[in-house]
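The file coords.txt comes next; it holds compact mmCIF, C-alpha atoms.
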```
# COMPACT_ATOMS: atom_id res chain seq x y z
CA MET U 1 -20.96 -26.09 -11.78
CA SER U 2 -24.53 -26.63 -10.58
CA LYS U 3 -25.49 -29.61 -8.41
CA MET U 4 -26.97 -32.54 -10.25
CA ASN U 5 -28.94 -35.55 -9.16
CA GLN U 6 -31.11 -38.17 -10.78
CA ASN U 7 -34.33 -36.24 -10.20
CA ARG U 8 -33.01 -33.16 -11.97
CA ILE U 9 -31.57 -35.29 -14.77
CA GLN U 10 -35.00 -36.82 -15.26
CA GLU U 11 -36.59 -33.36 -15.34
CA LEU U 12 -34.07 -32.16 -17.91
CA ILE U 13 -34.63 -35.19 -20.12
CA ASN U 14 -38.40 -34.89 -19.81
CA ALA U 15 -38.30 -31.25 -20.90
CA TYR U 16 -35.36 -30.91 -23.28
CA GLY U 17 -34.87 -34.45 -24.56
CA ALA U 18 -31.84 -36.70 -24.75
CA ASP U 19 -29.53 -34.36 -26.63
CA THR U 20 -27.68 -32.40 -23.97
CA HIS U 21 -26.86 -29.51 -26.29
CA ARG U 22 -30.54 -28.50 -25.93
CA TRP U 23 -30.25 -28.44 -22.14
CA PRO U 24 -29.87 -25.13 -20.26
CA GLN U 25 -26.31 -23.97 -20.55
CA THR U 26 -25.98 -23.52 -16.79
CA GLU U 27 -26.73 -27.21 -16.16
CA ARG U 28 -25.32 -28.82 -19.27
CA GLN U 29 -21.85 -29.56 -18.01
CA ALA U 30 -23.03 -30.97 -14.69
CA GLY U 31 -25.66 -33.02 -16.51
CA GLN U 32 -23.15 -34.46 -18.94
CA ALA U 33 -20.82 -35.34 -16.05
CA TRP U 34 -23.67 -37.11 -14.24
CA LEU U 35 -24.57 -39.09 -17.37
CA ALA U 36 -20.94 -40.14 -17.76
CA ASP U 37 -20.70 -41.17 -14.10
CA PHE U 38 -23.82 -43.34 -14.24
CA PRO U 39 -23.87 -44.91 -17.72
CA ASP U 40 -26.34 -47.70 -16.91
CA LYS U 41 -28.90 -45.37 -15.37
CA SER U 42 -28.30 -42.85 -18.11
CA GLN U 43 -28.99 -45.32 -20.86
CA LYS U 44 -32.38 -46.18 -19.39
CA LEU U 45 -33.31 -42.56 -18.78
CA LEU U 46 -32.25 -41.39 -22.22
CA ALA U 47 -33.66 -44.20 -24.36
CA GLU U 48 -37.27 -43.05 -24.60
CA ALA U 49 -36.40 -39.37 -24.98
CA ASP U 50 -33.92 -40.21 -27.71
CA ALA U 51 -36.60 -42.09 -29.65
CA LEU U 52 -38.89 -39.07 -29.50
CA ASP U 53 -36.04 -36.76 -30.55
CA GLN U 54 -35.45 -38.91 -33.63
CA ILE U 55 -39.13 -38.90 -34.51
CA LEU U 56 -39.31 -35.11 -34.18
CA ASP U 57 -36.25 -34.78 -36.39
CA ALA U 58 -38.21 -36.50 -39.16
CA ALA U 59 -40.89 -33.80 -39.20
CA PRO U 60 -41.23 -31.85 -42.45
CA THR U 61 -38.97 -28.85 -42.68
CA SER U 62 -39.40 -25.52 -44.36
CA ALA U 63 -37.09 -25.89 -47.32
CA SER U 64 -38.39 -23.38 -49.79
CA ASP U 65 -36.29 -20.53 -51.11
CA ILE U 66 -37.04 -17.37 -49.16
CA SER U 67 -35.65 -14.92 -51.70
CA PHE U 68 -39.05 -14.64 -53.39
CA LEU U 69 -40.73 -14.05 -50.05
CA GLN U 70 -38.13 -11.42 -49.17
CA ALA U 71 -38.77 -9.59 -52.44
CA ARG U 72 -42.52 -9.75 -51.81
CA ILE U 73 -42.13 -8.23 -48.35
CA LEU U 74 -39.84 -5.47 -49.61
CA LYS U 75 -42.37 -4.57 -52.29
CA ALA U 76 -45.18 -4.50 -49.74
CA ALA U 77 -43.05 -2.35 -47.40
CA GLN U 78 -42.50 0.21 -50.14
CA ASN U 79 -46.26 0.67 -50.27
CA THR U 80 -46.68 0.70 -46.51
CA PRO U 81 -46.18 3.96 -44.62
CA GLN U 82 -44.30 3.77 -41.36
CA ASP U 83 -45.90 5.06 -38.18
CA GLY U 84 -45.68 8.83 -38.23
CA ILE U 85 -44.69 8.96 -41.90
CA SER U 86 -47.24 9.72 -44.59
CA ALA U 87 -47.65 7.43 -47.60
CA VAL U 88 -46.09 10.09 -49.85
CA MET U 89 -42.91 10.00 -47.80
CA VAL U 90 -42.23 6.33 -48.47
CA VAL U 91 -42.46 6.56 -52.24
CA ASN U 92 -38.77 7.35 -52.36
CA ASP U 93 -37.55 4.52 -50.17
CA THR U 94 -33.95 5.67 -50.15
CA ALA U 95 -34.74 9.16 -48.86
CA PRO U 96 -33.48 9.99 -45.37
CA MET U 97 -36.00 10.52 -42.61
CA PRO U 98 -37.56 13.97 -43.08
CA ALA U 99 -36.85 16.57 -40.42
CA LYS U 100 -40.58 16.76 -39.75
CA THR U 101 -40.54 13.08 -38.86
CA ASN U 102 -37.54 13.55 -36.59
CA MET U 103 -39.46 16.26 -34.79
CA LEU U 104 -42.39 13.90 -34.51
CA ALA U 105 -40.10 11.17 -33.14
CA SER U 106 -38.75 13.62 -30.58
CA TRP U 107 -42.25 14.60 -29.60
CA LYS U 108 -43.16 10.93 -29.26
CA SER U 109 -40.14 10.40 -27.06
CA VAL U 110 -41.22 13.21 -24.75
CA ALA U 111 -44.79 11.94 -24.76
CA ALA U 112 -43.61 8.41 -24.01
CA THR U 113 -41.58 9.67 -21.05
CA LEU U 114 -44.58 11.52 -19.72
CA MET U 115 -46.76 8.45 -20.20
CA LEU U 116 -44.26 6.23 -18.42
CA THR U 117 -44.11 8.56 -15.47
CA THR U 118 -47.89 8.35 -15.22
CA GLY U 119 -47.84 4.57 -15.47
CA ILE U 120 -49.17 4.22 -19.00
CA GLY U 121 -46.22 2.97 -21.03
CA PHE U 122 -45.85 1.71 -24.56
CA GLY U 123 -43.95 -1.48 -24.02
CA ILE U 124 -42.85 -4.49 -25.97
CA GLY U 125 -45.81 -6.50 -24.78
CA GLN U 126 -48.17 -3.99 -26.30
CA ALA U 127 -46.13 -3.65 -29.44
CA ALA U 128 -46.05 -7.41 -29.85
CA ALA U 129 -49.80 -7.83 -29.57
CA ALA U 130 -50.95 -9.31 -32.86
CA ASP U 131 -53.89 -9.22 -35.21
CA THR U 132 -57.43 -8.13 -34.61
CA ASN U 133 -58.12 -10.57 -31.81
CA TYR U 134 -55.37 -8.89 -29.88
CA ALA U 135 -56.87 -5.45 -30.22
CA SER U 136 -58.82 -6.00 -27.03
CA ALA U 137 -55.75 -7.57 -25.45
CA GLU U 138 -53.78 -4.45 -26.34
CA ALA U 139 -56.41 -2.29 -24.70
CA LEU U 140 -56.37 -4.52 -21.64
CA LEU U 141 -52.61 -4.48 -21.64
CA SER U 142 -52.45 -0.74 -21.30
CA ILE U 143 -54.44 -1.25 -18.13
CA SER U 144 -52.36 -4.24 -17.16
CA MET U 145 -49.20 -2.14 -17.16
CA GLN U 146 -50.61 -0.47 -14.10
CA SER U 147 -52.32 -3.47 -12.56
CA ASP U 148 -49.44 -5.99 -12.70
CA TYR U 149 -51.47 -8.24 -15.02
CA GLY U 150 -49.40 -8.87 -18.09
CA GLU U 151 -49.80 -10.25 -21.61
CA ALA U 152 -48.75 -13.72 -20.51
CA ASP U 153 -51.72 -13.74 -18.17
CA LEU U 154 -54.00 -12.82 -21.03
CA PHE U 155 -52.60 -15.69 -23.09
CA GLY U 156 -52.98 -18.02 -20.15
CA ASP U 157 -56.64 -17.15 -19.90
CA LEU U 158 -57.18 -17.49 -23.63
CA ASN U 159 -55.27 -20.73 -24.01
CA GLY U 160 -56.98 -22.64 -21.29
CA ASP U 161 -54.23 -25.24 -21.21
CA GLY U 162 -53.21 -24.24 -17.74
CA LEU U 163 -49.65 -23.53 -16.91
CA MET C 1 -42.65 -3.71 -19.75
CA ASN C 2 -40.63 -4.03 -16.59
CA GLY C 3 -40.66 -7.79 -16.30
CA THR C 4 -42.15 -11.02 -17.56
CA HIS C 5 -45.47 -11.93 -16.05
CA SER C 6 -46.40 -15.51 -15.33
CA ALA C 7 -49.89 -16.96 -15.50
CA SER C 8 -50.06 -16.73 -11.73
CA GLY C 9 -49.43 -13.00 -11.90
CA THR C 10 -45.94 -13.25 -10.45
CA THR C 11 -43.51 -10.84 -12.03
CA HIS C 12 -40.23 -12.33 -13.18
CA PRO C 13 -37.23 -10.09 -13.41
CA PRO C 14 -36.61 -8.96 -16.97
CA THR C 15 -33.87 -10.67 -18.90
CA PRO C 16 -31.00 -8.18 -18.99
CA VAL C 17 -30.70 -6.74 -22.45
CA LYS C 18 -27.18 -6.92 -23.75
CA ALA C 19 -26.14 -4.95 -26.79
CA ASP C 20 -28.80 -5.54 -29.41
CA PRO C 21 -27.19 -7.27 -32.42
CA ASP C 22 -29.62 -5.40 -34.66
CA ALA C 23 -28.83 -1.97 -33.19
CA ASP C 24 -26.71 -1.15 -36.24
CA ILE C 25 -29.71 -1.09 -38.58
CA LEU C 26 -32.59 0.02 -36.35
CA LEU C 27 -32.01 3.73 -36.88
CA ALA C 28 -31.97 3.30 -40.64
CA LEU C 29 -35.05 1.11 -40.44
CA ALA C 30 -36.85 3.77 -38.43
CA GLY C 31 -35.83 6.27 -41.09
CA GLY C 32 -37.59 4.32 -43.83
CA ASP C 33 -34.55 2.65 -45.36
CA THR C 34 -35.66 -0.52 -47.14
CA ALA C 35 -32.05 -1.72 -47.36
CA ALA C 36 -32.15 -1.96 -43.56
CA LEU C 37 -35.33 -4.00 -43.83
CA ALA C 38 -33.59 -6.30 -46.30
CA THR C 39 -30.71 -6.74 -43.86
CA LEU C 40 -33.14 -7.45 -41.05
CA MET C 41 -34.75 -10.12 -43.20
CA ASP C 42 -31.38 -11.62 -44.09
CA ARG C 43 -30.86 -12.10 -40.37
CA HIS C 44 -34.26 -13.26 -39.21
CA LEU C 45 -36.70 -14.10 -42.01
CA ALA C 46 -35.74 -17.76 -42.41
CA LEU C 47 -35.98 -18.42 -38.67
CA ILE C 48 -39.29 -16.61 -38.29
CA LYS C 49 -40.73 -18.51 -41.22
CA THR C 50 -39.43 -21.83 -39.89
CA THR C 51 -41.05 -21.20 -36.53
CA ALA C 52 -44.37 -20.35 -38.19
CA ARG C 53 -44.06 -23.43 -40.41
CA TYR C 54 -43.70 -25.72 -37.42
CA MET C 55 -46.46 -23.96 -35.55
CA LEU C 56 -48.99 -23.96 -38.39
CA GLY C 57 -47.90 -26.94 -40.47
CA ASP C 58 -48.51 -24.95 -43.61
CA GLU C 59 -45.97 -23.31 -45.89
CA MET C 60 -48.25 -20.62 -47.33
CA MET C 61 -49.58 -19.60 -43.95
CA ALA C 62 -46.04 -19.47 -42.61
CA GLU C 63 -45.08 -17.08 -45.42
CA ASP C 64 -48.08 -14.89 -44.68
CA ILE C 65 -47.13 -14.75 -41.01
CA ALA C 66 -43.52 -13.91 -41.85
CA GLN C 67 -44.64 -11.12 -44.16
CA GLU C 68 -46.92 -9.67 -41.52
CA VAL C 69 -44.15 -9.78 -38.90
CA PHE C 70 -41.72 -7.82 -41.06
CA LEU C 71 -44.32 -5.34 -42.22
CA ARG C 72 -45.15 -4.62 -38.59
CA ALA C 73 -41.46 -4.20 -37.88
CA TRP C 74 -41.26 -1.78 -40.78
CA LYS C 75 -44.32 0.20 -39.73
CA GLN C 76 -43.50 0.35 -36.06
CA ALA C 77 -39.75 0.86 -36.30
CA PRO C 78 -40.02 4.63 -35.61
CA ASN C 79 -41.66 3.78 -32.26
CA TRP C 80 -38.99 1.31 -31.16
CA GLN C 81 -37.52 2.03 -27.75
CA PRO C 82 -34.12 0.41 -27.31
CA GLY C 83 -33.16 -1.18 -24.02
CA GLN C 84 -36.42 -2.99 -23.30
CA ALA C 85 -35.67 -6.18 -25.20
CA LYS C 86 -33.75 -7.28 -28.23
CA PHE C 87 -35.44 -6.37 -31.49
CA SER C 88 -35.30 -10.02 -32.57
CA THR C 89 -37.21 -10.99 -29.40
CA TRP C 90 -39.90 -8.50 -30.37
CA LEU C 91 -40.05 -10.02 -33.87
CA HIS C 92 -40.46 -13.52 -32.46
CA ARG C 93 -43.15 -12.39 -30.04
CA VAL C 94 -45.13 -10.85 -32.87
CA ALA C 95 -44.71 -14.09 -34.84
CA LYS C 96 -45.81 -16.11 -31.84
CA ASN C 97 -48.94 -14.00 -31.32
CA LEU C 98 -49.84 -14.12 -35.01
CA CYS C 99 -49.44 -17.91 -35.02
CA TYR C 100 -51.63 -18.27 -31.93
CA ASP C 101 -54.24 -16.09 -33.55
CA ARG C 102 -54.12 -18.01 -36.81
CA LEU C 103 -54.40 -21.33 -34.99
CA ARG C 104 -57.55 -20.17 -33.31
CA LYS C 105 -59.08 -19.33 -36.67
CA LYS C 106 -57.78 -22.37 -38.47
CA LYS C 107 -60.11 -25.27 -38.92
CA GLU C 108 -58.58 -28.70 -38.68
CA THR C 109 -58.28 -29.90 -42.26
CA TYR C 110 -56.09 -32.74 -43.25
CA LEU C 111 -56.13 -33.48 -46.93
CA GLU C 112 -54.40 -36.59 -48.08
CA VAL C 113 -52.97 -36.03 -51.51
CA VAL C 114 -52.56 -39.29 -53.36
CA PRO C 115 -50.40 -38.98 -56.44
CA ASP C 116 -51.78 -40.25 -59.73
CA MET C 117 -50.38 -43.68 -60.50
CA VAL C 118 -49.28 -43.52 -64.09
CA ASP C 119 -46.36 -45.92 -63.88
CA ASN C 120 -47.38 -49.48 -63.09
CA ARG C 121 -43.95 -51.09 -63.20
CA PRO C 122 -43.20 -53.03 -59.95
CA GLU C 123 -40.11 -50.95 -59.14
CA ALA C 124 -42.02 -47.73 -59.74
CA LEU C 125 -44.84 -48.91 -57.50
CA GLN C 126 -42.32 -49.82 -54.83
CA THR C 127 -40.82 -46.34 -54.96
CA LEU C 128 -44.27 -44.81 -54.83
CA GLU C 129 -45.21 -46.95 -51.83
CA ALA C 130 -42.03 -45.94 -50.00
CA SER C 131 -42.68 -42.31 -50.80
CA GLN C 132 -46.27 -42.55 -49.60
CA ASN C 133 -45.15 -44.28 -46.40
CA HIS C 134 -42.61 -41.56 -45.79
CA ALA C 135 -45.18 -38.84 -46.40
CA ALA C 136 -47.67 -40.63 -44.15
CA GLN C 137 -45.11 -40.79 -41.30
CA LYS C 138 -44.43 -37.09 -41.64
CA THR C 139 -48.14 -36.40 -41.61
CA LYS C 140 -48.44 -38.36 -38.35
CA ILE C 141 -45.77 -36.20 -36.74
CA GLU C 142 -47.39 -33.02 -38.02
CA HIS C 143 -50.75 -34.23 -36.79
CA ALA C 144 -49.32 -34.98 -33.35
CA MET C 145 -47.79 -31.50 -33.27
CA ALA C 146 -51.10 -29.98 -34.38
CA THR C 147 -52.94 -31.56 -31.47
CA LEU C 148 -50.70 -29.89 -28.91
CA PRO C 149 -52.01 -26.80 -27.12
CA GLU C 150 -50.48 -23.78 -28.85
CA ARG C 151 -48.07 -22.83 -26.09
CA GLN C 152 -46.73 -26.38 -25.82
CA ARG C 153 -46.28 -26.40 -29.60
CA MET C 154 -44.42 -23.11 -29.48
CA ALA C 155 -42.19 -24.38 -26.67
CA ILE C 156 -41.20 -27.56 -28.53
CA THR C 157 -40.64 -25.57 -31.72
CA LEU C 158 -38.33 -23.09 -30.02
CA CYS C 159 -36.43 -25.81 -28.14
CA HIS C 160 -36.25 -28.73 -30.54
CA TYR C 161 -36.35 -27.10 -33.95
CA ARG C 162 -34.92 -23.68 -33.28
CA GLU C 163 -32.57 -24.81 -30.51
CA LEU C 164 -32.88 -21.48 -28.74
CA SER C 165 -31.44 -21.12 -25.28
CA GLN C 166 -33.78 -21.62 -22.34
CA LEU C 167 -33.67 -17.91 -21.46
CA GLU C 168 -34.23 -16.69 -25.00
CA ALA C 169 -37.16 -19.05 -25.60
CA ALA C 170 -38.78 -18.19 -22.26
CA ASP C 171 -38.35 -14.51 -23.10
CA ILE C 172 -40.09 -14.92 -26.45
CA MET C 173 -42.89 -16.88 -24.82
CA GLU C 174 -43.15 -14.30 -22.04
CA VAL C 175 -43.02 -16.90 -19.29
CA GLY C 176 -40.49 -17.77 -16.61
CA VAL C 177 -37.91 -20.47 -17.28
CA ARG C 178 -39.64 -22.99 -14.99
CA ALA C 179 -42.93 -22.43 -16.76
CA TYR C 180 -41.18 -22.87 -20.12
CA GLU C 181 -39.65 -26.11 -18.89
CA SER C 182 -43.05 -27.30 -17.70
CA LEU C 183 -44.58 -26.54 -21.11
CA LEU C 184 -41.79 -28.51 -22.78
CA ALA C 185 -42.21 -31.51 -20.50
CA ARG C 186 -45.95 -31.59 -21.11
CA ALA C 187 -45.45 -31.18 -24.85
CA ARG C 188 -43.06 -34.12 -25.00
CA LYS C 189 -45.32 -36.26 -22.84
CA ASN C 190 -48.28 -35.53 -25.12
CA LEU C 191 -46.23 -36.25 -28.22
CA ARG C 192 -45.02 -39.56 -26.76
CA THR C 193 -48.62 -40.56 -26.08
CA GLN C 194 -49.75 -39.48 -29.55
CA LEU C 195 -46.94 -41.21 -31.38
CA GLN C 196 -46.58 -44.31 -29.21
CA SER C 197 -48.47 -46.60 -31.56
CA HIS C 198 -46.45 -45.42 -34.57
CA LYS C 199 -43.09 -45.38 -32.82
CA SER C 200 -41.56 -48.44 -34.51
CA ALA C 201 -42.65 -47.42 -37.99
CA LEU C 202 -41.52 -43.84 -37.47
CA LEU C 203 -38.10 -44.88 -36.23
CA GLU C 204 -37.65 -47.28 -39.15
CA ASN C 205 -38.16 -44.36 -41.52
```
Now that the file is in, can you turn its structure into C-alpha cells?
Amino acid sequence: MSKMNQNRIQELINAYGADTHRWPQTERQAGQAWLADFPDKSQKLLAEADALDQILDAAPTSASDISFLQARILKAAQNTPQDGISAVMVVNDTAPMPAKTNMLASWKSVAATLMLTTGIGFGIGQAAAADTNYASAEALLSISMQSDYGEADLFGDLNGDGL
Amino acid sequence: MNGTHSASGTTHPPTPVKADPDADILLALAGGDTAALATLMDRHLALIKTTARYMLGDEMMAEDIAQEVFLRAWKQAPNWQPGQAKFSTWLHRVAKNLCYDRLRKKKETYLEVVPDMVDNRPEALQTLEASQNHAAQKTKIEHAMATLPERQRMAITLCHYRELSQLEAADIMEVGVRAYESLLARARKNLRTQLQSHKSALLEN
C-alpha cells in the first residue's frame, strides 16, 4: 500500500474529486484508509469536491439510440475502400481479403521494418493525427519521430493552455 | 511511437500493452469484414460518442465525430501494427484529435430554445417553469465545460464521465500521469470558479 498524507489526499481530491473510485487504483486503498482514520479532516476536504461532483453529474448525457448511427457508419464503410484495397474490392463486403492485398500487406510490413530501422516509423501518434489541420502535424510528426518531439508537444504548442 | 512525450519534451515510458481485447476482430477488420466493424462498434461506439458529446456539447457533432473515427478505423485497419498500443486507445486518440480540431473551428453559439406556451393552466406553467429551470441549469454546466481549455475538458470527460483509469486516460491524452492529474486539478478549479455563483441552485436541482 502506498504512503498517504494530507497533502497527497488534497491533491487527489483536487484532481479526481470526492468519489474515491475515480482515484488511481494504486492509491485508492491507502486514500480510503486515511479518510477513515481522519473523519473530521476528511469531511472538510471532501465537501467542496463532492458538491462539484454532484453538479457535474447533472450535466446532459448522450441518451440517443446508437443503432441508427451504427447502421449509418456501416453503410458508409461499405462505400469506403480500405487502405491498399480498391473501391471495387469492397463492393462485396463479405469477401475475404484478396491474395493481392495480402501481398501488399506483406510488402508494407517489410517496408515498415525498413522505415523503422532508418528512424522513420509509422506509429500510433501519426495514425491518430486527425483532420486537415493535423496534416501538417502528421508531416511534422514524421520528423518528430527522429527528433524526440512528439505529438503531445505539438498539441501543447497549439493549445496554449500550458501544461 | 516508443513512448509518450510530454510538453516539456521528456519521454515517458510507454504503457505496457497487454493482450489487446480487440485482437480477435482486427484481422477480419483488416480483411474488409464489415461484421468485424459492427462488433468493434458494439464495443466502442457508445463510449466514443459519449466522449465527443461531452467535449463538443452537441449531439449531431458527436455523431459526426464517431462516424469519422470508425471510418478511419475501417480504412486504416490494414496498416494496424499490433503491440504498439491497444486498438481502443488508438480509437480514442483519433476521437480526441477530431474533437480538438472541431472545437477550434466551432464558433461559440448558445441558442436558448424557449418552448411555445400553449397551455396556460397554473399547473402546466409550473411544470414548464421547472423544466426550463432544469434545462437552464444543464446549460450552465455545459457552458462551464465549454469554457475549459480543450485538454482540461478532455481530462475531466475521461475521468468524471468515462471513469477511465489514470493510466488509460493519460495514454489516450498522450501525456504522463502527473500531467494528466495537473490537467484534472486545473479543470476542476476552473469549473468551481465558473459555477460558484450557481452552486446552490445547481445542487437543489
Which residues of chain C sit at most 6 Å from chain U, using only C-alpha atoms? Give each one's shortest atom pair and distance in Å (one decimal place), in chain and ascending residue order, as CSV.
```
residue,atom,partner,partner_atom,distance
C:Met1,CA,U:Gly123,CA,5.0
C:His5,CA,U:Gly150,CA,5.4
C:Ser6,CA,U:Ala152,CA,6.0
C:Ala7,CA,U:Asp153,CA,4.6
C:Gly31,CA,U:Met97,CA,4.5
C:Asp33,CA,U:Thr94,CA,5.7
C:Thr50,CA,U:Ser62,CA,5.8
C:Gln67,CA,U:Ile73,CA,5.7
C:Lys75,CA,U:Gln82,CA,3.9
C:Gln76,CA,U:Asp83,CA,5.7
C:Arg93,CA,U:Ala128,CA,5.8
C:Val94,CA,U:Ala128,CA,4.7
C:Asn97,CA,U:Ala130,CA,5.3
C:Leu98,CA,U:Ala130,CA,5.4
C:Lys138,CA,U:Ala59,CA,5.4
C:Ile141,CA,U:Ala59,CA,6.0
C:Gln166,CA,U:Pro24,CA,5.7
C:Glu174,CA,U:Ala152,CA,5.8
C:Glu181,CA,U:Ala15,CA,5.7
C:Leu184,CA,U:Ala15,CA,4.8
C:Ala185,CA,U:Ala15,CA,3.9
```
Padding 3 Å on every side, please: axis-aligned box over the listed atoms of range 43-49 of chain U, centre and edge lengths to one decimal in Å, as AutoDock Vina command-line options.
```
--center_x -33.1 --center_y -42.8 --center_z -21.9 --size_x 14.3 --size_y 12.8 --size_z 12.2
```
Q. Hey, can you check how far CA of Phe87 in chain C sits from CA of Leu183 in chain C?
A. 24.5 Å
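Each of C:Ala187, C:Ala62, C:Ile156, C:Ala85 was checked against Cys99 in chain C using all atoms listed in the file; the smallest atom-to-atom distance is that of C:Ala62.
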Q.
One number please: CA of Asp20 in chain C to CA of Lys86 in chain C, in Å, one decimal.
A. 5.4 Å
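When CA of Leu29 in chain C is paired with CA of Asp171 in chain C, their separation reads 23.6 Å.
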(Q) Can you pull out the residues contacting Met55 in chain C? Cut-off 12 Å, using all atoms listed in the file, and skip same-chain residues under 4 positions away; I want them as a ChimeraX atom specification. (A) /U:59-62 /C:48-51,59,61-62,65,95-104,106,142-158,161-162
Selected residues, C-alpha atoms, written as a PDB file, keeping the file's coordinate frame, please.
```pdb
ATOM      1  CA  ALA U  59     -40.890 -33.800 -39.200  1.00  0.00           C
ATOM      2  CA  PRO U  60     -41.230 -31.850 -42.450  1.00  0.00           C
ATOM      3  CA  THR U  61     -38.970 -28.850 -42.680  1.00  0.00           C
ATOM      4  CA  SER U  62     -39.400 -25.520 -44.360  1.00  0.00           C
TER       5      SER U  62
ATOM      6  CA  ILE C  48     -39.290 -16.610 -38.290  1.00  0.00           C
ATOM      7  CA  LYS C  49     -40.730 -18.510 -41.220  1.00  0.00           C
ATOM      8  CA  THR C  50     -39.430 -21.830 -39.890  1.00  0.00           C
ATOM      9  CA  THR C  51     -41.050 -21.200 -36.530  1.00  0.00           C
ATOM     10  CA  GLU C  59     -45.970 -23.310 -45.890  1.00  0.00           C
ATOM     11  CA  MET C  61     -49.580 -19.600 -43.950  1.00  0.00           C
ATOM     12  CA  ALA C  62     -46.040 -19.470 -42.610  1.00  0.00           C
ATOM     13  CA  ILE C  65     -47.130 -14.750 -41.010  1.00  0.00           C
ATOM     14  CA  ALA C  95     -44.710 -14.090 -34.840  1.00  0.00           C
ATOM     15  CA  LYS C  96     -45.810 -16.110 -31.840  1.00  0.00           C
ATOM     16  CA  ASN C  97     -48.940 -14.000 -31.320  1.00  0.00           C
ATOM     17  CA  LEU C  98     -49.840 -14.120 -35.010  1.00  0.00           C
ATOM     18  CA  CYS C  99     -49.440 -17.910 -35.020  1.00  0.00           C
ATOM     19  CA  TYR C 100     -51.630 -18.270 -31.930  1.00  0.00           C
ATOM     20  CA  ASP C 101     -54.240 -16.090 -33.550  1.00  0.00           C
ATOM     21  CA  ARG C 102     -54.120 -18.010 -36.810  1.00  0.00           C
ATOM     22  CA  LEU C 103     -54.400 -21.330 -34.990  1.00  0.00           C
ATOM     23  CA  ARG C 104     -57.550 -20.170 -33.310  1.00  0.00           C
ATOM     24  CA  LYS C 106     -57.780 -22.370 -38.470  1.00  0.00           C
ATOM     25  CA  GLU C 142     -47.390 -33.020 -38.020  1.00  0.00           C
ATOM     26  CA  HIS C 143     -50.750 -34.230 -36.790  1.00  0.00           C
ATOM     27  CA  ALA C 144     -49.320 -34.980 -33.350  1.00  0.00           C
ATOM     28  CA  MET C 145     -47.790 -31.500 -33.270  1.00  0.00           C
ATOM     29  CA  ALA C 146     -51.100 -29.980 -34.380  1.00  0.00           C
ATOM     30  CA  THR C 147     -52.940 -31.560 -31.470  1.00  0.00           C
ATOM     31  CA  LEU C 148     -50.700 -29.890 -28.910  1.00  0.00           C
ATOM     32  CA  PRO C 149     -52.010 -26.800 -27.120  1.00  0.00           C
ATOM     33  CA  GLU C 150     -50.480 -23.780 -28.850  1.00  0.00           C
ATOM     34  CA  ARG C 151     -48.070 -22.830 -26.090  1.00  0.00           C
ATOM     35  CA  GLN C 152     -46.730 -26.380 -25.820  1.00  0.00           C
ATOM     36  CA  ARG C 153     -46.280 -26.400 -29.600  1.00  0.00           C
ATOM     37  CA  MET C 154     -44.420 -23.110 -29.480  1.00  0.00           C
ATOM     38  CA  ALA C 155     -42.190 -24.380 -26.670  1.00  0.00           C
ATOM     39  CA  ILE C 156     -41.200 -27.560 -28.530  1.00  0.00           C
ATOM     40  CA  THR C 157     -40.640 -25.570 -31.720  1.00  0.00           C
ATOM     41  CA  LEU C 158     -38.330 -23.090 -30.020  1.00  0.00           C
ATOM     42  CA  TYR C 161     -36.350 -27.100 -33.950  1.00  0.00           C
ATOM     43  CA  ARG C 162     -34.920 -23.680 -33.280  1.00  0.00           C
TER      44      ARG C 162
END
```
Q. Of the candidates C:Asp42, C:Glu68, C:Asp22, C:Glu163, which one gets nearest to Pro82 in chain C if we count all atoms listed in the file?
A. C:Asp22
Reconstructed N, CA and C atoms for range 60-71 of chain C, given as a short mmCIF file (atom, residue, chain, number, x, y, z; two decimals), in the frame of the given file:
```
data_model
loop_
_atom_site.label_atom_id
_atom_site.label_comp_id
_atom_site.auth_asym_id
_atom_site.auth_seq_id
_atom_site.Cartn_x
_atom_site.Cartn_y
_atom_site.Cartn_z
N MET C 60 -47.68 -21.90 -46.89
CA MET C 60 -48.25 -20.62 -47.33
C MET C 60 -48.61 -19.74 -46.13
N MET C 61 -49.22 -20.37 -45.14
CA MET C 61 -49.58 -19.60 -43.95
C MET C 61 -48.33 -19.07 -43.25
N ALA C 62 -47.29 -19.89 -43.25
CA ALA C 62 -46.04 -19.47 -42.61
C ALA C 62 -45.48 -18.24 -43.32
N GLU C 63 -45.57 -18.24 -44.65
CA GLU C 63 -45.08 -17.08 -45.42
C GLU C 63 -45.91 -15.84 -45.11
N ASP C 64 -47.21 -16.03 -45.01
CA ASP C 64 -48.08 -14.89 -44.68
C ASP C 64 -47.73 -14.30 -43.30
N ILE C 65 -47.49 -15.20 -42.36
CA ILE C 65 -47.13 -14.75 -41.01
C ILE C 65 -45.81 -13.99 -41.05
N ALA C 66 -44.84 -14.56 -41.77
CA ALA C 66 -43.52 -13.91 -41.85
C ALA C 66 -43.65 -12.52 -42.47
N GLN C 67 -44.45 -12.43 -43.52
CA GLN C 67 -44.64 -11.12 -44.16
C GLN C 67 -45.25 -10.12 -43.19
N GLU C 68 -46.26 -10.56 -42.46
CA GLU C 68 -46.92 -9.67 -41.52
C GLU C 68 -45.96 -9.20 -40.42
N VAL C 69 -45.12 -10.12 -39.95
CA VAL C 69 -44.15 -9.78 -38.90
C VAL C 69 -43.23 -8.65 -39.38
N PHE C 70 -42.70 -8.81 -40.59
CA PHE C 70 -41.72 -7.82 -41.06
C PHE C 70 -42.39 -6.50 -41.49
N LEU C 71 -43.62 -6.59 -41.93
CA LEU C 71 -44.32 -5.34 -42.22
C LEU C 71 -44.63 -4.56 -40.94
#
```
